[in-house]
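Participant: Here you go, model.cif (mmCIF, C-alpha atoms and all ligand atoms):
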data_target
loop_
_atom_site.group_PDB
_atom_site.id
_atom_site.type_symbol
_atom_site.label_atom_id
_atom_site.label_comp_id
_atom_site.auth_asym_id
_atom_site.auth_seq_id
_atom_site.Cartn_x
_atom_site.Cartn_y
_atom_site.Cartn_z
ATOM 1 C CA MET A 1 0.000 0.000 0.000
ATOM 2 C CA ASN A 2 1.274 3.473 -0.901
ATOM 3 C CA TYR A 3 1.508 6.503 1.319
ATOM 4 C CA ILE A 4 0.088 9.688 -0.145
ATOM 5 C CA VAL A 5 1.598 12.737 1.505
ATOM 6 C CA PHE A 6 -0.547 15.650 0.423
ATOM 7 C CA ASP A 7 -0.876 19.350 1.043
ATOM 8 C CA LEU A 8 -3.515 21.870 0.010
ATOM 9 C CA GLU A 9 -3.666 25.589 -0.510
ATOM 10 C CA PHE A 10 -6.980 27.333 0.098
ATOM 11 C CA ASN A 11 -8.529 30.616 -0.876
ATOM 12 C CA MET A 12 -11.010 32.234 1.463
ATOM 13 C CA PHE A 13 -13.362 35.137 1.797
ATOM 14 C CA PHE A 14 -12.082 38.698 1.682
ATOM 15 C CA LYS A 15 -14.359 41.727 1.857
ATOM 16 C CA PHE A 16 -13.488 43.344 -1.477
ATOM 17 C CA LYS A 17 -16.772 45.228 -1.424
ATOM 18 C CA GLU A 18 -19.422 46.142 1.122
ATOM 19 C CA GLY A 19 -22.309 43.755 1.476
ATOM 20 C CA SER A 20 -20.378 40.661 0.437
ATOM 21 C CA PHE A 21 -20.196 37.715 2.791
ATOM 22 C CA ALA A 22 -18.379 34.446 3.210
ATOM 23 C CA ASN A 23 -20.239 31.257 2.289
ATOM 24 C CA SER A 24 -20.839 29.690 5.696
ATOM 25 C CA ASN A 25 -20.896 26.190 4.153
ATOM 26 C CA LEU A 26 -17.428 26.546 2.665
ATOM 27 C CA LYS A 27 -14.972 28.742 4.514
ATOM 28 C CA ASN A 28 -11.858 27.448 2.723
ATOM 29 C CA GLU A 29 -11.911 26.628 -0.971
ATOM 30 C CA ILE A 30 -9.139 24.434 -2.384
ATOM 31 C CA ILE A 31 -7.020 26.141 -5.047
ATOM 32 C CA GLN A 32 -4.070 23.749 -5.179
ATOM 33 C CA ILE A 33 -3.528 20.054 -4.494
ATOM 34 C CA GLY A 34 0.041 18.860 -4.175
ATOM 35 C CA ALA A 35 0.986 15.301 -3.271
ATOM 36 C CA VAL A 36 3.877 12.885 -3.207
ATOM 37 C CA LYS A 37 3.355 9.141 -3.535
ATOM 38 C CA LEU A 38 5.656 6.937 -1.453
ATOM 39 C CA ASN A 39 6.012 3.179 -1.637
ATOM 40 C CA GLU A 40 6.263 0.922 1.429
ATOM 41 C CA LYS A 41 9.963 1.777 1.777
ATOM 42 C CA LEU A 42 8.993 5.468 1.703
ATOM 43 C CA GLU A 43 10.678 6.019 -1.649
ATOM 44 C CA THR A 44 9.086 8.670 -3.847
ATOM 45 C CA ILE A 45 7.348 7.015 -6.783
ATOM 46 C CA GLY A 46 5.131 9.824 -8.040
ATOM 47 C CA GLU A 47 4.034 13.442 -7.763
ATOM 48 C CA PHE A 48 0.744 15.245 -8.227
ATOM 49 C CA ASP A 49 0.319 18.977 -8.642
ATOM 50 C CA LEU A 50 -2.784 20.838 -9.804
ATOM 51 C CA LEU A 51 -4.071 24.368 -9.547
ATOM 52 C CA ILE A 52 -7.819 24.495 -9.116
ATOM 53 C CA LYS A 53 -10.153 27.158 -10.387
ATOM 54 C CA PRO A 54 -12.204 28.496 -7.464
ATOM 55 C CA VAL A 55 -15.917 29.092 -7.970
ATOM 56 C CA ILE A 56 -16.896 30.430 -4.538
ATOM 57 C CA TYR A 57 -13.977 32.753 -3.811
ATOM 58 C CA LYS A 58 -12.906 33.594 -7.349
ATOM 59 C CA ARG A 59 -10.685 36.517 -6.518
ATOM 60 C CA MET A 60 -7.601 35.771 -4.471
ATOM 61 C CA ASN A 61 -7.609 36.908 -0.871
ATOM 62 C CA PRO A 62 -4.612 39.323 -0.689
ATOM 63 C CA TYR A 63 -3.126 37.519 2.329
ATOM 64 C CA VAL A 64 -3.314 34.148 0.591
ATOM 65 C CA LYS A 65 -1.872 35.682 -2.565
ATOM 66 C CA LYS A 66 1.055 37.082 -0.624
ATOM 67 C CA LYS A 67 1.681 33.804 1.189
ATOM 68 C CA THR A 68 1.289 31.397 -1.725
ATOM 69 C CA ASN A 69 2.288 33.620 -4.633
ATOM 70 C CA ILE A 70 -0.848 32.432 -6.427
ATOM 71 C CA ASN A 71 -2.771 35.262 -8.060
ATOM 72 C CA THR A 72 -6.252 35.432 -9.563
ATOM 73 C CA SER A 73 -5.079 35.237 -13.176
ATOM 74 C CA ARG A 74 -3.314 31.940 -12.404
ATOM 75 C CA VAL A 75 -6.252 30.229 -10.669
ATOM 76 C CA VAL A 76 -8.638 31.360 -13.409
ATOM 77 C CA LYS A 77 -6.724 28.994 -15.698
ATOM 78 C CA GLY A 78 -6.879 26.235 -13.094
ATOM 79 C CA THR A 79 -8.665 22.889 -13.404
ATOM 80 C CA PRO A 80 -12.325 22.733 -12.283
ATOM 81 C CA PHE A 81 -12.665 20.994 -8.898
ATOM 82 C CA HIS A 82 -14.575 17.950 -10.189
ATOM 83 C CA GLU A 83 -11.911 17.224 -12.830
ATOM 84 C CA ALA A 84 -9.140 17.751 -10.305
ATOM 85 C CA ILE A 85 -10.700 15.319 -7.812
ATOM 86 C CA GLU A 86 -11.302 12.738 -10.514
ATOM 87 C CA SER A 87 -7.691 12.844 -11.685
ATOM 88 C CA PHE A 88 -6.459 12.870 -8.080
ATOM 89 C CA LYS A 89 -8.539 9.776 -7.383
ATOM 90 C CA LEU A 90 -7.142 8.077 -10.471
ATOM 91 C CA TRP A 91 -3.603 8.949 -9.430
ATOM 92 C CA LEU A 92 -4.213 7.682 -5.858
ATOM 93 C CA GLY A 93 -5.047 4.169 -7.011
ATOM 94 C CA ASN A 94 -7.225 1.763 -5.066
ATOM 95 C CA GLU A 95 -5.367 1.360 -1.803
ATOM 96 C CA TYR A 96 -3.725 4.295 -0.102
ATOM 97 C CA ILE A 97 -2.970 5.885 3.218
ATOM 98 C CA LEU A 98 -3.440 9.633 3.262
ATOM 99 C CA CYS A 99 -0.758 11.507 5.185
ATOM 100 C CA ALA A 100 -0.547 15.216 5.969
ATOM 101 C CA TRP A 101 0.970 17.805 8.239
ATOM 102 C CA GLY A 102 -1.737 18.308 10.855
ATOM 103 C CA HIS A 103 -5.463 17.863 10.672
ATOM 104 C CA ASP A 104 -6.513 20.904 8.616
ATOM 105 C CA ASP A 105 -5.835 19.618 5.111
ATOM 106 C CA ILE A 106 -7.758 16.357 5.424
ATOM 107 C CA LEU A 107 -10.608 18.281 7.021
ATOM 108 C CA GLY A 108 -10.516 20.807 4.159
ATOM 109 C CA LEU A 109 -10.365 18.073 1.545
ATOM 110 C CA ARG A 110 -13.393 16.298 2.979
ATOM 111 C CA GLN A 111 -15.327 19.573 3.375
ATOM 112 C CA ASN A 112 -14.680 20.574 -0.241
ATOM 113 C CA CYS A 113 -15.671 17.092 -1.463
ATOM 114 C CA LEU A 114 -18.904 17.226 0.543
ATOM 115 C CA PHE A 115 -19.665 20.789 -0.551
ATOM 116 C CA PHE A 116 -19.188 20.001 -4.243
ATOM 117 C CA GLY A 117 -20.953 16.648 -3.928
ATOM 118 C CA PHE A 118 -18.098 14.177 -4.393
ATOM 119 C CA ASP A 119 -17.875 10.890 -2.632
ATOM 120 C CA LEU A 120 -14.835 9.507 -4.459
ATOM 121 C CA LEU A 121 -12.143 9.645 -1.831
ATOM 122 C CA CYS A 122 -11.616 7.395 1.121
ATOM 123 C CA PHE A 123 -10.654 9.025 4.404
ATOM 124 C CA ASP A 124 -10.477 5.912 6.548
ATOM 125 C CA LYS A 125 -6.683 5.611 6.666
ATOM 126 C CA PHE A 126 -4.788 8.660 7.776
ATOM 127 C CA ILE A 127 -1.421 9.489 9.283
ATOM 128 C CA ASN A 128 -0.916 12.866 10.895
ATOM 129 C CA ILE A 129 2.822 13.420 10.462
ATOM 130 C CA GLN A 130 2.782 16.499 12.660
ATOM 131 C CA GLN A 131 1.325 14.350 15.447
ATOM 132 C CA ILE A 132 4.085 11.744 15.049
ATOM 133 C CA TYR A 133 6.659 14.503 15.396
ATOM 134 C CA MET A 134 4.859 15.996 18.406
ATOM 135 C CA ASN A 135 4.754 12.599 20.133
ATOM 136 C CA LEU A 136 8.414 12.033 19.404
ATOM 137 C CA ARG A 137 9.422 15.356 20.939
ATOM 138 C CA SER A 138 6.655 15.432 23.593
ATOM 139 C CA LEU A 139 5.324 18.713 22.224
ATOM 140 C CA THR A 140 1.939 20.091 23.201
ATOM 141 C CA ASN A 141 1.843 22.947 20.688
ATOM 142 C CA GLN A 142 1.660 22.298 16.975
ATOM 143 C CA PRO A 143 4.959 23.187 15.316
ATOM 144 C CA SER A 144 4.996 24.769 11.856
ATOM 145 C CA LEU A 145 6.254 22.797 8.886
ATOM 146 C CA GLU A 146 9.075 25.334 8.362
ATOM 147 C CA SER A 147 10.312 25.084 11.924
ATOM 148 C CA VAL A 148 10.508 21.286 11.783
ATOM 149 C CA VAL A 149 12.226 21.303 8.383
ATOM 150 C CA GLU A 150 14.873 23.552 9.945
ATOM 151 C CA GLU A 151 15.014 21.516 13.143
ATOM 152 C CA LEU A 152 15.665 18.301 11.205
ATOM 153 C CA GLU A 153 18.193 20.056 8.938
ATOM 154 C CA ILE A 154 16.305 19.214 5.783
ATOM 155 C CA GLU A 155 17.644 21.110 2.810
ATOM 156 C CA ILE A 156 15.386 24.007 1.812
ATOM 157 C CA SER A 157 15.490 24.031 -1.960
ATOM 158 C CA SER A 158 12.108 25.518 -2.871
ATOM 159 C CA PRO A 159 9.652 28.001 -1.305
ATOM 160 C CA PHE A 160 7.093 26.975 1.332
ATOM 161 C CA HIS A 161 3.329 27.514 0.934
ATOM 162 C CA ASP A 162 3.251 25.787 -2.406
ATOM 163 C CA ALA A 163 1.208 22.585 -2.076
ATOM 164 C CA LEU A 164 3.677 20.308 -3.868
ATOM 165 C CA ASN A 165 6.736 21.773 -2.135
ATOM 166 C CA ASP A 166 5.053 21.479 1.259
ATOM 167 C CA ALA A 167 4.024 17.889 0.506
ATOM 168 C CA ALA A 168 7.645 17.112 -0.431
ATOM 169 C CA TYR A 169 8.944 18.687 2.806
ATOM 170 C CA THR A 170 6.322 16.769 4.790
ATOM 171 C CA SER A 171 7.455 13.505 3.189
ATOM 172 C CA ASP A 172 11.105 14.365 4.019
ATOM 173 C CA ILE A 173 10.025 14.740 7.653
ATOM 174 C CA PHE A 174 8.001 11.521 7.441
ATOM 175 C CA ARG A 175 11.073 9.565 6.301
ATOM 176 C CA LYS A 176 13.066 10.918 9.239
ATOM 177 C CA VAL A 177 10.502 10.300 11.971
ATOM 178 C CA TYR A 178 8.456 7.296 10.891
ATOM 179 C CA ASP A 179 8.890 4.292 13.122
ATOM 180 C CA PHE A 180 7.846 1.172 11.192
ATOM 181 C CA SER A 181 7.320 -0.753 14.418
ATOM 182 C CA GLU A 182 4.455 1.538 15.456
ATOM 183 C CA ASN A 183 1.094 1.907 13.819
ATOM 184 C CA PRO A 184 0.123 5.573 13.507
ATOM 185 C CA ILE A 185 -2.733 4.962 11.034
ATOM 186 C CA ILE A 186 -6.071 6.186 12.314
ATOM 187 C CA ASN A 187 -9.553 5.758 10.901
ATOM 188 C CA TRP A 188 -9.939 9.489 10.393
ATOM 189 C CA GLU A 189 -13.380 9.356 8.838
ATOM 190 C CA LYS A 190 -14.799 7.380 11.767
ATOM 191 C CA GLU A 191 -13.156 9.662 14.343
ATOM 192 C CA GLN A 192 -14.366 12.733 12.489
ATOM 193 C CA MET A 193 -17.959 11.509 12.371
ATOM 194 C CA GLU A 194 -17.847 10.682 16.068
ATOM 195 C CA ASN A 195 -16.438 14.133 16.789
ATOM 196 C CA GLU A 196 -19.170 15.784 14.751
ATOM 197 C CA LEU A 197 -21.794 13.962 16.821
ATOM 198 C CA ILE A 198 -20.082 15.090 20.017
ATOM 199 C CA ILE A 199 -19.953 18.707 18.794
ATOM 200 C CA GLU A 200 -23.616 18.554 17.816
ATOM 201 C CA GLU A 201 -24.504 17.268 21.272
ATOM 202 C CA LEU A 202 -22.378 19.917 23.003
ATOM 203 C CA THR A 203 -23.975 22.622 20.831
ATOM 204 C CA THR A 204 -27.383 21.697 22.246
ATOM 205 C CA GLN A 205 -26.022 21.984 25.785
ATOM 206 C CA ILE A 206 -23.985 25.153 25.463
ATOM 207 C CA ASP A 207 -26.777 27.563 26.426
ATOM 208 C CA LYS A 208 -27.674 25.538 29.523
ATOM 209 C CA ALA A 209 -24.631 26.793 31.419
ATOM 210 C CA GLU A 210 -25.265 28.834 34.563
ATOM 211 C CA ILE A 211 -23.657 32.165 35.353
ATOM 212 C CA GLY A 212 -21.544 32.049 38.490
ATOM 213 C CA CYS A 213 -20.456 35.289 40.115
ATOM 214 C CA PRO A 214 -16.639 35.595 40.064
ATOM 215 C CA GLY A 215 -16.904 37.588 43.325
ATOM 216 C CA CYS A 216 -18.992 35.395 45.625
ATOM 217 C CA GLY A 217 -19.443 32.239 43.551
ATOM 218 C CA GLU A 218 -23.241 32.369 43.786
ATOM 219 C CA PHE A 219 -25.480 31.750 40.787
ATOM 220 C CA VAL A 220 -26.611 34.905 39.028
ATOM 221 C CA PRO A 221 -29.838 35.130 37.014
ATOM 222 C CA LYS A 222 -29.387 35.763 33.287
ATOM 223 C CA SER A 223 -30.569 39.119 32.005
ATOM 224 C CA ARG A 224 -29.408 38.698 28.427
ATOM 225 C CA GLU A 225 -28.015 35.846 26.321
ATOM 226 C CA VAL A 226 -26.694 35.298 22.808
ATOM 227 C CA THR A 227 -25.742 32.012 21.095
ATOM 228 C CA LYS A 228 -23.371 32.091 18.154
ATOM 229 C CA LYS A 229 -22.825 28.566 16.808
ATOM 230 C CA LYS A 230 -20.118 27.183 19.079
ATOM 231 C CA ARG A 231 -20.126 30.125 21.497
ATOM 232 C CA TYR A 232 -22.603 31.282 24.100
ATOM 233 C CA PHE A 233 -22.659 34.628 25.886
ATOM 234 C CA ALA A 234 -24.812 35.533 28.872
ATOM 235 C CA PHE A 235 -24.966 38.531 31.150
ATOM 236 C CA GLY A 236 -26.225 38.933 34.684
ATOM 237 C CA TYR A 237 -26.030 41.097 37.757
ATOM 238 C CA CYS A 238 -24.945 39.995 41.217
ATOM 239 C CA VAL A 239 -26.892 42.004 43.787
ATOM 240 C CA GLN A 240 -24.681 40.764 46.597
ATOM 241 C CA CYS A 241 -21.427 42.003 45.026
ATOM 242 C CA ASN A 242 -23.012 44.796 43.025
ATOM 243 C CA ILE A 243 -21.270 43.766 39.812
ATOM 244 C CA GLN A 244 -22.168 42.930 36.236
ATOM 245 C CA VAL A 245 -21.103 39.458 35.270
ATOM 246 C CA ARG A 246 -20.357 38.263 31.765
ATOM 247 C CA HIS A 247 -20.432 34.562 31.020
ATOM 248 C CA ILE A 248 -18.799 32.954 27.956
ATOM 249 C CA SER A 249 -19.014 29.263 27.054
ATOM 250 C CA ARG A 250 -17.259 27.794 24.064
ATOM 251 C CA ILE A 251 -16.668 24.356 22.602
ATOM 252 C CA THR A 252 -12.975 23.639 22.725
ATOM 253 C CA HIS A 253 -10.808 20.870 21.429
ATOM 254 C CA LYS A 254 -7.790 19.799 23.400
ATOM 255 C CA ASN A 255 -5.766 16.583 23.222
ATOM 256 C CA GLY A 256 -8.472 14.997 21.121
ATOM 257 C CA VAL A 257 -11.281 15.785 23.572
ATOM 258 C CA TYR A 258 -14.132 18.179 22.867
ATOM 259 C CA SER A 259 -15.724 19.949 25.813
ATOM 260 C CA ILE A 260 -17.517 23.122 26.851
ATOM 261 C CA VAL A 261 -15.283 25.564 28.649
ATOM 262 C CA SER A 262 -16.986 28.395 30.523
ATOM 263 C CA ASN A 263 -15.760 31.481 32.236
ATOM 264 C CA ASN A 264 -17.376 34.289 34.202
ATOM 265 C CA THR A 265 -15.804 37.702 34.422
ATOM 266 C CA ILE A 266 -16.665 41.018 35.995
ATOM 267 C CA TYR A 267 -18.146 43.156 33.280
ATOM 268 C CA ASN A 268 -18.310 46.869 33.702
ATOM 269 C CA THR A 269 -20.584 48.488 31.160
ATOM 270 C CA ASP A 270 -19.179 51.926 32.115
ATOM 271 C CA GLN A 271 -15.703 50.798 31.229
ATOM 272 C CA VAL A 272 -14.345 52.250 28.016
ATOM 273 C CA SER A 273 -12.968 49.378 26.072
ATOM 274 C CA ASP A 274 -9.820 49.936 24.094
HETATM 275 ZN ZN ZN B 301 -21.430 37.994 43.754
#
Rewrite the structure of this file - the entire thing - as structure tokens.
Ligand SMILES: [Zn+2]

Facilitator:
Amino acid sequence: MNYIVFDLEFNMFFKFKEGSFANSNLKNEIIQIGAVKLNEKLETIGEFDLLIKPVIYKRMNPYVKKKTNINTSRVVKGTPFHEAIESFKLWLGNEYILCAWGHDDILGLRQNCLFFGFDLLCFDKFINIQQIYMNLRSLTNQPSLESVVEELEIEISSPFHDALNDAAYTSDIFRKVYDFSENPIINWEKEQMENELIIEELTTQIDKAEIGCPGCGEFVPKSREVTKKKRYFAFGYCVQCNIQVRHISRITHKNGVYSIVSNNTIYNTDQVSD
């Protein structure tokens, strides 16, 4: 079975004109797929590189343009997403293990496939190379690809933030850190679906949180509340302490566990915020 080390570049919303909004069903649109195919000995046996023509965010976000060096006139000539995914699928073959630096690219790939209605790819075998590196070095924060390339003294021969170059750097790291005696393959699709159920469940509970006064610890009745997807805000007044209390609950993700984290702070409406 081959390892497919892939990397994506995305374009996203930018407010070029008033009254325009991001598409809430697709925050990040794929504009480049880069991948390196490795055999069981981790030797490179193929490369894949395609620019994709965006249809949701057609004009390049200036920050993305600066980072990736991809401008609007280049992506306009890109391959339509459905053709790109079909040729990617063909190139992948029947049996493959997807590998990437971190969790974001596989998430983005699946989201784009779902958004555009494609069910061609299989996400049930995945290796997070960043996670392997983090385990090896006992890191709790996610290191950038650049920093690890430097750390491992991998030769920097081409610019970062190009999907194929980043995939090649990620596979260089993979070769240096992969321990064949361990099994880092996870069923990503299954984990992701379980996580989505957990998030859905937590979302229904988020507005049930109580406001506790940070002064005396007593419960404070809610005078106002707002729910914004994964965040919940509530306000109250503690008569005992004579203070306004602001409550925030959010769904967080830490060490693979989703939970609601709440905090209550003293909130002074007279305060001039800066
Ligand atoms: Zn109080």

Participant: Show me which residues are within 9 Å of ligand ZN 301 (chain B) counting all atoms listed in the file, and format the list as a list in words.

Facilitator: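 Checking all atoms listed in the file against ligand ZN 301 (chain B) at 9 Å gives Gly212, Cys213, Pro214, Gly215, Cys216, Gly217, Glu218, Phe219, Val220, Tyr237, Cys238, Val239, Gln240, Cys241, Asn242, Ile243 and Val245 of chain A.
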
Participant: Which residues of segment 134-179 of chain A come within 12 Å of segment 254-270 of chain A, and what is each one's closest atom pair and distance in Å (one decimal), counting all atoms listed in the file, sorted by chain and residue number, as a tab-separated table?

Facilitator:
residue	atom	partner	partner_atom	distance
A:Met134	CA	A:Asn255	CA	11.7
A:Asn135	CA	A:Asn255	CA	11.7
A:Leu139	CA	A:Asn255	CA	11.3
A:Thr140	CA	A:Asn255	CA	8.5
A:Asn141	CA	A:Asn255	CA	10.2
A:Gln142	CA	A:Asn255	CA	11.3

Participant: Quick check on the file I pasted: which residues fall under the PyMOL selection byres (((chain A and resi 80) around 6) and not hetatm)? Write them as a ChimeraX atom specification.

Facilitator: /A:52-53,79,81-83

Participant: For Ile199 of chain A, which residue out of A:Lys222, A:Arg110, A:His253, A:Arg246 is the nearest one, using all atoms listed in the file?

Facilitator: A:His253

Participant: Go through A:Cys113, A:Ile70, A:Leu92, A:Leu145 one by one, measure the shortest atom-to-atom distance of each to Glu47 of chain A using only C-alpha atoms, and give the residue with the smallest value.

Facilitator: A:Leu92

Participant: Find the residues around Gln130 of chain A up to 12 Å (all atoms listed in the file counted), leave out those fewer than 5 positions away in its own chain, and share them as a PyMOL selection string.

Facilitator: chain A and resi 5+99-105+135-149+169-171+173-174+177-178+184

Participant: Using the file's own x, y and z axes, so that the box edges lie along x, y and z, what centre and edge lengths in Å (one decimal) does a box around every listed atom of segment 65-83 of chain A get when 5 Å is added on each side? Give it as JSON.

Facilitator:
{"center_x": -6.1, "center_y": 27.2, "center_z": -7.3, "size_x": 26.9, "size_y": 29.9, "size_z": 26.9}

Participant: Run the PyMOL selection byres (((chain A and resi 227) around 10) and not hetatm) against the file shown and list the residues it catches, as number ranges by chain.

Facilitator: A: 203, 206-207, 225-226, 228-234, 248-250

Participant: Using all atoms listed in the file for the distances, tell me which of A:Leu107, A:Ala209, A:Leu197, A:Ile154 is nearest to Arg175 of chain A.

Facilitator: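 Of all the options, A:Ile154 lies closest to Arg175 of chain A.
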
Participant: Residues picked by the PyMOL selection byres (((chain A and resi 161-167) around 8) and not hetatm) here, as a PyMOL selection string?

Facilitator: chain A and resi 5-9+32-36+47-49+67-68+100+145+158-160+168-171

Participant: Which of these residues is nearest to Ile186 of chain A, using only C-alpha atoms: A:Asn128, A:Phe16, A:Ile198, A:Leu152?

Facilitator: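 Answer, going by the shortest atom-to-atom distance: A:Asn128.
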
Participant: Taking only C-alpha atoms into account, name the residue in A:Glu40, A:Glu151, A:Pro54, A:Ile85 that is nearest to Leu120 of chain A.

Facilitator: A:Ile85

Participant: Enter the distance from atom CA of Asn195 of chain A to atom CA of Asn25 of chain A, in Å, rounded to one decimal.

Facilitator: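 Interatomic distance here is 18.0 Å.
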
Participant: With distances taken over all atoms listed in the file, which of A:Glu189, A:Asp179, A:Glu29, A:Glu43 is nearest to Ile129 of chain A?

Facilitator: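 Using all atoms listed in the file, the shortest distance to Ile129 of chain A belongs to A:Asp179.
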
Participant: Provide segment 64-77 of chain A rebuilt to N, CA and C atoms, formatted as a CSV table (one decimal), keeping the file's coordinate frame.

Facilitator:
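Saved as selection15.csv:
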chain,number,residue,atom,x,y,z
A,64,VAL,N,-3.6,35.5,1.2
A,64,VAL,CA,-3.3,34.1,0.6
A,64,VAL,C,-2.4,34.3,-0.6
A,65,LYS,N,-2.7,35.4,-1.4
A,65,LYS,CA,-1.9,35.7,-2.6
A,65,LYS,C,-0.4,36.0,-2.2
A,66,LYS,N,-0.3,36.7,-1.1
A,66,LYS,CA,1.1,37.1,-0.6
A,66,LYS,C,1.8,35.8,-0.1
A,67,LYS,N,1.1,35.0,0.6
A,67,LYS,CA,1.7,33.8,1.2
A,67,LYS,C,2.0,32.8,0.1
A,68,THR,N,1.1,32.5,-0.8
A,68,THR,CA,1.3,31.4,-1.7
A,68,THR,C,1.9,31.8,-3.1
A,69,ASN,N,1.8,33.1,-3.3
A,69,ASN,CA,2.3,33.6,-4.6
A,69,ASN,C,1.4,33.2,-5.8
A,70,ILE,N,0.1,32.8,-5.4
A,70,ILE,CA,-0.8,32.4,-6.4
A,70,ILE,C,-1.8,33.6,-6.6
A,71,ASN,N,-1.9,34.1,-7.8
A,71,ASN,CA,-2.8,35.3,-8.1
A,71,ASN,C,-4.0,34.8,-8.8
A,72,THR,N,-5.0,35.8,-8.9
A,72,THR,CA,-6.3,35.4,-9.6
A,72,THR,C,-6.1,35.0,-11.0
A,73,SER,N,-5.2,35.6,-11.8
A,73,SER,CA,-5.1,35.2,-13.2
A,73,SER,C,-4.5,33.8,-13.3
A,74,ARG,N,-3.8,33.3,-12.3
A,74,ARG,CA,-3.3,31.9,-12.4
A,74,ARG,C,-4.4,30.9,-12.1
A,75,VAL,N,-5.2,31.2,-11.0
A,75,VAL,CA,-6.3,30.2,-10.7
A,75,VAL,C,-7.4,30.2,-11.7
A,76,VAL,N,-7.6,31.3,-12.4
A,76,VAL,CA,-8.6,31.4,-13.4
A,76,VAL,C,-8.4,30.3,-14.5
A,77,LYS,N,-7.1,30.0,-14.7
A,77,LYS,CA,-6.7,29.0,-15.7
A,77,LYS,C,-6.6,27.6,-15.1
